[in-house]
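K.L.:
The following file, structure-v1.pdb, comprises PDB, C-alpha atoms and all ligand atoms:
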```pdb
MODEL        1
ATOM      1  CA  VAL A 294      73.567  12.104  33.783  1.00  0.00           C
ATOM      2  CA  VAL A 295      77.265  11.337  33.418  1.00  0.00           C
ATOM      3  CA  ARG A 296      77.808   7.650  32.685  1.00  0.00           C
ATOM      4  CA  GLU A 297      80.852   5.438  32.724  1.00  0.00           C
ATOM      5  CA  LYS A 298      81.418   4.461  29.097  1.00  0.00           C
ATOM      6  CA  GLY A 299      82.323   0.833  28.553  1.00  0.00           C
ATOM      7  CA  ALA A 300      81.825  -0.063  32.230  1.00  0.00           C
ATOM      8  CA  GLU A 301      79.428  -2.531  33.783  1.00  0.00           C
ATOM      9  CA  PHE A 302      78.065  -2.950  37.275  1.00  0.00           C
ATOM     10  CA  VAL A 303      76.774  -6.418  38.185  1.00  0.00           C
ATOM     11  CA  LEU A 304      74.579  -7.265  41.160  1.00  0.00           C
ATOM     12  CA  PRO A 305      73.911 -10.979  41.701  1.00  0.00           C
ATOM     13  CA  ILE A 306      70.620 -11.474  43.544  1.00  0.00           C
ATOM     14  CA  VAL A 307      68.306 -14.256  44.591  1.00  0.00           C
ATOM     15  CA  ILE A 308      64.521 -14.200  44.691  1.00  0.00           C
ATOM     16  CA  GLY A 309      63.182 -16.938  46.887  1.00  0.00           C
ATOM     17  CA  THR A 310      60.197 -18.439  48.594  1.00  0.00           C
ATOM     18  CA  CYS A 311      60.251 -20.771  51.555  1.00  0.00           C
ATOM     19  CA  ALA A 312      57.030 -22.560  52.537  1.00  0.00           C
ATOM     20  CA  PHE A 313      56.160 -24.584  55.640  1.00  0.00           C
ATOM     21  CA  TYR A 314      53.157 -26.871  55.845  1.00  0.00           C
ATOM     22  CA  LEU A 315      51.085 -26.060  58.935  1.00  0.00           C
ATOM     23  CA  GLY A 316      50.092 -29.670  59.618  1.00  0.00           C
ATOM     24  CA  LYS A 317      47.413 -29.926  62.308  1.00  0.00           C
ATOM     25  CA  LYS A 318      47.100 -26.150  62.352  1.00  0.00           C
ATOM     26  CA  ALA A 319      46.146 -26.023  58.654  1.00  0.00           C
ATOM     27  CA  THR A 320      42.749 -24.563  57.734  1.00  0.00           C
ATOM     28  CA  ASP A 321      40.948 -24.360  54.362  1.00  0.00           C
ATOM     29  CA  THR A 322      42.498 -21.019  53.430  1.00  0.00           C
ATOM     30  CA  GLN A 323      45.740 -21.332  55.393  1.00  0.00           C
ATOM     31  CA  THR A 324      47.608 -24.567  54.822  1.00  0.00           C
ATOM     32  CA  HIS A 325      51.084 -23.054  54.651  1.00  0.00           C
ATOM     33  CA  ARG A 326      53.166 -20.237  56.062  1.00  0.00           C
ATOM     34  CA  TRP A 327      55.582 -18.797  53.540  1.00  0.00           C
ATOM     35  CA  ASN A 328      58.254 -16.165  53.095  1.00  0.00           C
ATOM     36  CA  LEU A 329      59.202 -14.302  49.972  1.00  0.00           C
ATOM     37  CA  TYR A 330      62.515 -12.442  49.744  1.00  0.00           C
ATOM     38  CA  VAL A 331      64.998 -10.638  47.556  1.00  0.00           C
ATOM     39  CA  ARG A 332      68.601 -10.482  48.706  1.00  0.00           C
ATOM     40  CA  GLY A 333      72.138 -10.683  47.442  1.00  0.00           C
ATOM     41  CA  ALA A 334      73.059 -14.038  45.908  1.00  0.00           C
ATOM     42  CA  ASN A 335      75.091 -14.831  49.044  1.00  0.00           C
ATOM     43  CA  GLY A 336      72.548 -13.403  51.459  1.00  0.00           C
ATOM     44  CA  GLU A 337      74.090  -9.944  51.644  1.00  0.00           C
ATOM     45  CA  GLU A 338      72.275  -6.619  51.829  1.00  0.00           C
ATOM     46  CA  ILE A 339      71.504  -4.911  48.530  1.00  0.00           C
ATOM     47  CA  THR A 340      70.392  -1.519  49.871  1.00  0.00           C
ATOM     48  CA  HIS A 341      73.376   0.203  48.249  1.00  0.00           C
ATOM     49  CA  VAL A 342      71.558  -0.410  44.952  1.00  0.00           C
ATOM     50  CA  VAL A 343      67.900  -1.198  45.743  1.00  0.00           C
ATOM     51  CA  LYS A 344      65.714   1.290  47.618  1.00  0.00           C
ATOM     52  CA  LYS A 345      62.358  -0.470  47.441  1.00  0.00           C
ATOM     53  CA  VAL A 346      60.860  -3.816  46.463  1.00  0.00           C
ATOM     54  CA  VAL A 347      57.183  -4.151  45.585  1.00  0.00           C
ATOM     55  CA  PHE A 348      55.722  -7.641  45.775  1.00  0.00           C
ATOM     56  CA  PHE A 349      52.492  -8.261  43.851  1.00  0.00           C
ATOM     57  CA  LEU A 350      50.604 -11.168  45.402  1.00  0.00           C
ATOM     58  CA  HIS A 351      47.630 -13.088  44.023  1.00  0.00           C
ATOM     59  CA  PRO A 352      44.426 -10.986  44.212  1.00  0.00           C
ATOM     60  CA  THR A 353      42.935 -13.440  46.724  1.00  0.00           C
ATOM     61  CA  PHE A 354      45.234 -11.862  49.337  1.00  0.00           C
ATOM     62  CA  HIS A 355      44.266  -8.952  51.527  1.00  0.00           C
ATOM     63  CA  ASN A 356      46.256  -5.884  50.332  1.00  0.00           C
ATOM     64  CA  PRO A 357      48.006  -7.852  47.557  1.00  0.00           C
ATOM     65  CA  VAL A 358      50.530  -5.097  46.786  1.00  0.00           C
ATOM     66  CA  ARG A 359      53.280  -5.083  49.413  1.00  0.00           C
ATOM     67  CA  GLU A 360      55.991  -2.441  49.496  1.00  0.00           C
ATOM     68  CA  VAL A 361      59.181  -3.015  51.458  1.00  0.00           C
ATOM     69  CA  LEU A 362      61.410   0.031  51.874  1.00  0.00           C
ATOM     70  CA  GLN A 363      64.337  -1.381  53.800  1.00  0.00           C
ATOM     71  CA  HIS A 364      66.473  -4.435  54.397  1.00  0.00           C
ATOM     72  CA  PRO A 365      65.450  -7.212  54.585  1.00  0.00           C
ATOM     73  CA  PHE A 366      63.282  -7.099  51.451  1.00  0.00           C
ATOM     74  CA  GLU A 367      61.045  -9.871  52.693  1.00  0.00           C
ATOM     75  CA  ILE A 368      57.434 -10.645  53.558  1.00  0.00           C
ATOM     76  CA  GLU A 369      55.689 -13.436  55.429  1.00  0.00           C
ATOM     77  CA  GLU A 370      52.208 -14.724  54.602  1.00  0.00           C
ATOM     78  CA  HIS A 371      49.828 -17.614  55.054  1.00  0.00           C
ATOM     79  CA  GLY A 372      47.934 -19.229  52.198  1.00  0.00           C
ATOM     80  CA  TRP A 373      46.673 -22.338  50.481  1.00  0.00           C
ATOM     81  CA  GLY A 374      47.790 -22.100  46.845  1.00  0.00           C
ATOM     82  CA  GLU A 375      50.765 -21.691  44.563  1.00  0.00           C
ATOM     83  CA  PHE A 376      50.919 -18.788  42.128  1.00  0.00           C
ATOM     84  CA  GLU A 377      53.178 -16.609  40.015  1.00  0.00           C
ATOM     85  CA  LEU A 378      54.463 -13.487  41.754  1.00  0.00           C
ATOM     86  CA  SER A 379      55.581 -10.223  40.259  1.00  0.00           C
ATOM     87  CA  VAL A 380      58.499  -8.577  42.046  1.00  0.00           C
ATOM     88  CA  VAL A 381      59.438  -5.017  41.106  1.00  0.00           C
ATOM     89  CA  LEU A 382      62.823  -3.639  42.141  1.00  0.00           C
ATOM     90  CA  HIS A 383      63.209   0.131  42.486  1.00  0.00           C
ATOM     91  CA  PHE A 384      66.753   1.461  42.470  1.00  0.00           C
ATOM     92  CA  ASN A 385      68.346   4.283  44.416  1.00  0.00           C
ATOM     93  CA  ASP A 386      68.051   7.632  42.663  1.00  0.00           C
ATOM     94  CA  ASP A 387      71.723   7.869  41.726  1.00  0.00           C
ATOM     95  CA  VAL A 388      71.563   4.467  39.987  1.00  0.00           C
ATOM     96  CA  GLN A 389      69.517   6.224  37.274  1.00  0.00           C
ATOM     97  CA  GLU A 390      67.725   3.063  36.157  1.00  0.00           C
ATOM     98  CA  ALA A 391      64.011   2.370  35.685  1.00  0.00           C
ATOM     99  CA  PRO A 392      62.271  -0.145  37.978  1.00  0.00           C
ATOM    100  CA  LEU A 393      62.760  -3.756  36.959  1.00  0.00           C
ATOM    101  CA  GLU A 394      60.000  -6.372  37.056  1.00  0.00           C
ATOM    102  CA  LEU A 395      60.876 -10.011  37.683  1.00  0.00           C
ATOM    103  CA  PHE A 396      58.609 -13.035  38.056  1.00  0.00           C
ATOM    104  CA  HIS A 397      58.833 -15.856  40.533  1.00  0.00           C
ATOM    105  CA  LYS A 398      56.743 -18.871  41.450  1.00  0.00           C
ATOM    106  CA  LEU A 399      55.592 -19.460  44.996  1.00  0.00           C
ATOM    107  CA  LYS A 400      55.980 -23.191  45.562  1.00  0.00           C
ATOM    108  CA  LEU A 401      54.208 -24.844  48.464  1.00  0.00           C
ATOM    109  CA  TYR A 402      54.579 -28.466  47.399  1.00  0.00           C
ATOM    110  CA  ALA A 403      57.729 -30.434  46.685  1.00  0.00           C
ATOM    111  CA  ASP A 404      57.979 -31.985  43.211  1.00  0.00           C
ATOM    112  CA  ALA A 405      56.768 -35.585  42.944  1.00  0.00           C
ATOM    113  CA  ASP A 406      60.304 -36.779  42.154  1.00  0.00           C
ATOM    114  CA  SER A 407      61.923 -34.782  44.949  1.00  0.00           C
ATOM    115  CA  ALA A 408      63.532 -36.449  47.962  1.00  0.00           C
ATOM    116  CA  ASN A 409      61.648 -33.841  49.964  1.00  0.00           C
ATOM    117  CA  GLN A 410      58.238 -35.174  48.885  1.00  0.00           C
ATOM    118  CA  GLY A 411      55.934 -35.882  51.832  1.00  0.00           C
ATOM    119  CA  SER A 412      58.482 -34.732  54.375  1.00  0.00           C
ATOM    120  CA  LYS A 413      58.073 -31.908  56.850  1.00  0.00           C
ATOM    121  CA  LYS A 414      60.949 -29.932  55.425  1.00  0.00           C
ATOM    122  CA  PRO A 415      60.253 -26.464  54.052  1.00  0.00           C
ATOM    123  CA  VAL A 416      59.846 -26.194  50.292  1.00  0.00           C
ATOM    124  CA  VAL A 417      62.346 -23.661  48.959  1.00  0.00           C
ATOM    125  CA  ASN A 418      62.244 -22.213  45.479  1.00  0.00           C
ATOM    126  CA  GLU A 419      65.137 -19.894  44.665  1.00  0.00           C
ATOM    127  CA  GLN A 420      65.943 -18.128  41.431  1.00  0.00           C
ATOM    128  CA  TYR A 421      69.283 -16.423  40.816  1.00  0.00           C
ATOM    129  CA  GLU A 422      69.548 -13.363  38.627  1.00  0.00           C
ATOM    130  CA  GLU A 423      72.435 -11.140  37.630  1.00  0.00           C
ATOM    131  CA  LEU A 424      71.379  -7.533  37.350  1.00  0.00           C
ATOM    132  CA  VAL A 425      73.713  -5.958  34.820  1.00  0.00           C
ATOM    133  CA  PHE A 426      73.879  -2.181  34.574  1.00  0.00           C
ATOM    134  CA  SER A 427      75.843  -1.213  31.507  1.00  0.00           C
ATOM    135  CA  GLU A 428      77.336   2.271  31.372  1.00  0.00           C
ATOM    136  CA  PRO A 429      76.405   2.872  35.033  1.00  0.00           C
ATOM    137  CA  ALA A 430      76.024   6.436  36.285  1.00  0.00           C
ATOM    138  CA  THR A 431      79.422   7.722  37.409  1.00  0.00           C
ATOM    139  CA  ALA A 432      78.089   9.166  40.683  1.00  0.00           C
ATOM    140  CA  PHE A 433      76.577   5.782  41.587  1.00  0.00           C
ATOM    141  CA  LEU A 434      79.747   3.909  40.709  1.00  0.00           C
ATOM    142  CA  ASP A 435      81.858   6.327  42.763  1.00  0.00           C
ATOM    143  CA  ARG A 436      79.531   5.910  45.749  1.00  0.00           C
ATOM    144  CA  VAL A 437      79.535   2.102  45.741  1.00  0.00           C
ATOM    145  CA  ASN A 438      83.277   2.035  45.137  1.00  0.00           C
ATOM    146  CA  GLY A 439      83.717   4.170  48.262  1.00  0.00           C
ATOM    147  CA  PHE A 440      84.871   7.483  46.825  1.00  0.00           C
TER     148      PHE A 440
HETATM  149  C1  LIG A 501      45.274 -21.770  42.404  1.00  0.00           C
HETATM  150  N1  LIG A 501      46.163 -20.232  40.756  1.00  0.00           N
HETATM  151  O1  LIG A 501      44.092 -21.727  42.050  1.00  0.00           O
HETATM  152  C2  LIG A 501      46.168 -20.577  42.133  1.00  0.00           C
HETATM  153  C3  LIG A 501      45.752 -19.423  43.010  1.00  0.00           C
HETATM  154  C4  LIG A 501      45.855 -18.417  45.229  1.00  0.00           C
HETATM  155  C5  LIG A 501      46.325 -18.620  46.619  1.00  0.00           C
HETATM  156  C6  LIG A 501      46.254 -19.597  44.360  1.00  0.00           C
HETATM  157  C7  LIG A 501      45.120 -16.702  49.568  1.00  0.00           C
HETATM  158  C8  LIG A 501      45.206 -16.901  51.031  1.00  0.00           C
HETATM  159  C9  LIG A 501      44.070 -16.311  51.766  1.00  0.00           C
HETATM  160  C10 LIG A 501      45.914 -17.732  48.805  1.00  0.00           C
HETATM  161  O2  LIG A 501      46.657 -18.544  49.299  1.00  0.00           O
HETATM  162  N2  LIG A 501      45.721 -17.678  47.478  1.00  0.00           N
HETATM  163  O3  LIG A 501      42.956 -16.386  51.250  1.00  0.00           O
HETATM  164  O4  LIG A 501      44.272 -15.814  52.862  1.00  0.00           O
HETATM  165  O5  LIG A 501      45.769 -22.736  42.973  1.00  0.00           O
ENDMDL
END
```
Output the file's structure as structure tokens, nothing else.
P.N.:
Amino acid sequence: VVREKGAEFVLPIVIGTCAFYLGKKATDTQTHRWNLYVRGANGEEITHVVKKVVFFLHPTFHNPVREVLQHPFEIEEHGWGEFELSVVLHFNDDVQEAPLELFHKLKLYADADSANQGSKKPVVNEQYEELVFSEPATAFLDRVNGF
């Protein structure tokens, strides 16, 4: 693979969860509806770099391994508990980088000191990451730069 010496390609992303309390519709195993997503830090598509995202849910979920192969890299679920998620990003072939595992916490409940506490607003937990590819593959760089 031909690589661009001394160059760097940076992709700012956000991994997030957004949880809504179901109120009167809550049951023992489903108290919240939640979404989990990976997108560009400003909400943009990242399919020029990422080809697949695999979300590893808690083993109490039916089919806990969820693969998403296109934009938006997002899932929706219902549940009752918070847990730590593993999120594995797979890159397009020409990126020539191994899959990257990141961790994120699903939050259902607002912090005790939060202004959001006890309200009906969704509980959002977002984590920003900068993916830095040093010496990126030349073919990849040429493609994303529009050559
Ligand atoms: C806890 N460590 O004990 C956590 C585990 C697991 C949450 C939380 C499953 C939903 C379903 C679900 O929400 N699991 O059964 O459909 O608090």
K.L.:
Spell out the residues picked by the PyMOL selection byres (((not hetatm)) within 12 of (chain A and resi 501)) here, as JSON, numbers by chain.
P.N.:
{"A": [312, 319, 320, 321, 322, 323, 324, 325, 326, 327, 350, 351, 352, 353, 354, 355, 356, 357, 369, 370, 371, 372, 373, 374, 375, 376, 377, 378, 398, 399, 400, 401, 402]}
K.L.:
Which residue, A:Val361, A:Leu395, A:Val346, A:Ile368, has the smallest gap to Gln420 (chain A) when you use all atoms listed in the file?
P.N.:
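Among A:Val361, A:Leu395, A:Val346, A:Ile368, it is A:Leu395 that comes nearest to Gln420 (chain A).
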K.L.:
Find the residue from A:Ala405, A:Val380, A:Val388, A:Val416 that sits nearest to Ala430 (chain A); use only C-alpha atoms when measuring.
P.N.:
A:Val388
K.L.:
How many Å separate CA of Ile308 (chain A) from CA of Tyr330 (chain A)?
P.N.:
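Taking CA of Ile308 (chain A) and CA of Tyr330 (chain A), their separation equals 5.7 Å.
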K.L.:
Using only C-alpha atoms, pick whichever of A:Arg332, A:Val381, A:Asp387, A:Pro305 has the shortest atom-to-atom distance to Asp435 (chain A).
P.N.:
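Using only C-alpha atoms, the shortest distance to Asp435 (chain A) belongs to A:Asp387.
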K.L.:
Please provide as a PyMOL selection string all residues within 10 Å of Lys414 (chain A), with the sequence filter that same-chain residues fewer than 5 positions apart are discarded (counting all atoms listed in the file).
P.N.:
chain A and resi 311-314+403+409
K.L.:
Go through A:Val294, A:Ala334, A:Val417, A:Glu301 one by one, measure the shortest atom-to-atom distance of each to Pro429 (chain A) using all atoms listed in the file, and give the residue with the smallest value.
P.N.:
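Ranking A:Val294, A:Ala334, A:Val417, A:Glu301 by distance to Pro429 (chain A), first place goes to A:Glu301.
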K.L.:
Can you list, as a list in words, every protein, DNA or RNA residue that comes within 8 Å of Lys344 (chain A) when you count only C-alpha atoms, leaving out same-chain residues fewer than 5 positions away?
P.N.:
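Near Lys344 (chain A), the qualifying residues are Leu362, Gln363, Leu382, His383, Phe384 and Asn385 of chain A.
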K.L.:
So how many Å separate CA of Leu329 (chain A) and CA of Ser427 (chain A), to one decimal?
P.N.:
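Here the two named atoms are 28.1 Å from each other.
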K.L.:
The PyMOL selection byres (((chain A and resi 437) around 12) and not hetatm) on the file shown: which residues, as a ChimeraX atom specification?
P.N.:
/A:302-304,339-342,385,387-388,429-436,438-440
K.L.:
For CA of Ala408 (chain A) and CA of Gly336 (chain A), determine how far apart the two atoms are, in Å to one decimal place.
P.N.:
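Rounded to one decimal, the two atoms are 25.0 Å apart.
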K.L.:
Taking all atoms listed in the file into account, which of A:Phe348, A:Tyr421, A:Phe426, A:Phe396 comes nearest Glu367 (chain A)?
P.N.:
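Looking only at the distances to Glu367 (chain A), the closest residue turns out to be A:Phe348.
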K.L.:
With all atoms listed in the file as the basis for distance, which of A:Lys345, A:Glu419, A:Gly309, A:Val425 is at the shortest distance from Pro392 (chain A)?
P.N.:
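Once distances to Pro392 (chain A) are computed over all atoms listed in the file, the minimum belongs to A:Lys345.
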